[in-house]
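Below is one structure; the comments refer to it alone.
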Amino acid sequence: MKICIDCDDAAVNLKKVIYDHLKKQGLDVTDLEYSKGKENPYYGEIGYNLAKAMQAGQYDRGILICGTGLGMAMIANKVEGVFAGTCHDVFSAERLKKSNDANVLTMGERVIGPELAKMIVDAWLKSEFSGGGSAPKVEQLRELERLSFHPTNEGESPCKK
Ligand code: RB5
C-alpha cells in the first residue's frame, strides 16, 4: 500500500509523528512536503496537491493534517475520485474505510494528541471497505460525484424521493 502525507503550518509536529510512526512499521509512506521552499502556503493548495496525487493513482491512501482537519477535508473532497473524512476517534476512523471507503483521512493537530492520532491512523489503514449494505450507498456517492463533475445529464439523479 502506497501512502502519502502532508500538512500545513499548524500541523508540522503531528505530521512528523505520524510519518515516523508509519516508517517504523515499514510502510511505504511519502511526505509530499508541498510547503518546502514556499512561503507558508495555505491548507487549500496543500490539500489540493495531495488530492491530485491521489486522483492520478500515485497513492492508495492519503493523510492530511492541519489545525482542525476540516479545511483539508473540504478541499480534498473537491477533487474527483477523492473521498476524505476528518476523524478524531478510532471508531470513526474504522468506519471511514469500512462504511465510506474513504481514501483520504484528515486530522487536526489542535484537536487531538499524538498517541490518539497514531491509533486513528492505524485503525484506518488496517481497515478495508466492507461492501455489503454499504456498497450501494457508496456507489450512490460515486454516482452523485460523477453527476456533479460531469453535469451533462442535468435532471438525472440517483437519489430516491
Ligand atoms: C490554520 O491555518 C488553520 O486554519 C488550518 O490549519 C486548518 O485548521 C483549517 O481548517
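To be explicit about the labels: the chains of the C-alpha cells are called A, B, and onward in the order shown, and within each one the residues are counted from 1, while ligands get numbers from 1 in the order they are shown.
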
- Could you list, as a VMD selection string, all the residues within 12 Å of ligand 1, counting only C-alpha atoms and all ligand atoms? chain A and resid 6 to 12 14 40 to 47 64 to 76 86 106 to 111

- Query: chain A: which residues are alpha helix (DSSP H) by DSSP, as a ChimeraX atom specification?
  - Reply: /A:12-24,43-55,70-76,90-98,114-126,134-149

- Task: Check the DSSP output for the backbone and give back, as number ranges by chain, the residues of stretch 55-136 of chain A in strand (DSSP E).
- Result: A: 61-66, 84-86, 104-108

- Of A:Ala93, A:Ala135, A:Leu141, A:Ile18, the one sitting nearest A:Ile120 when using only C-alpha atoms is A:Ala93
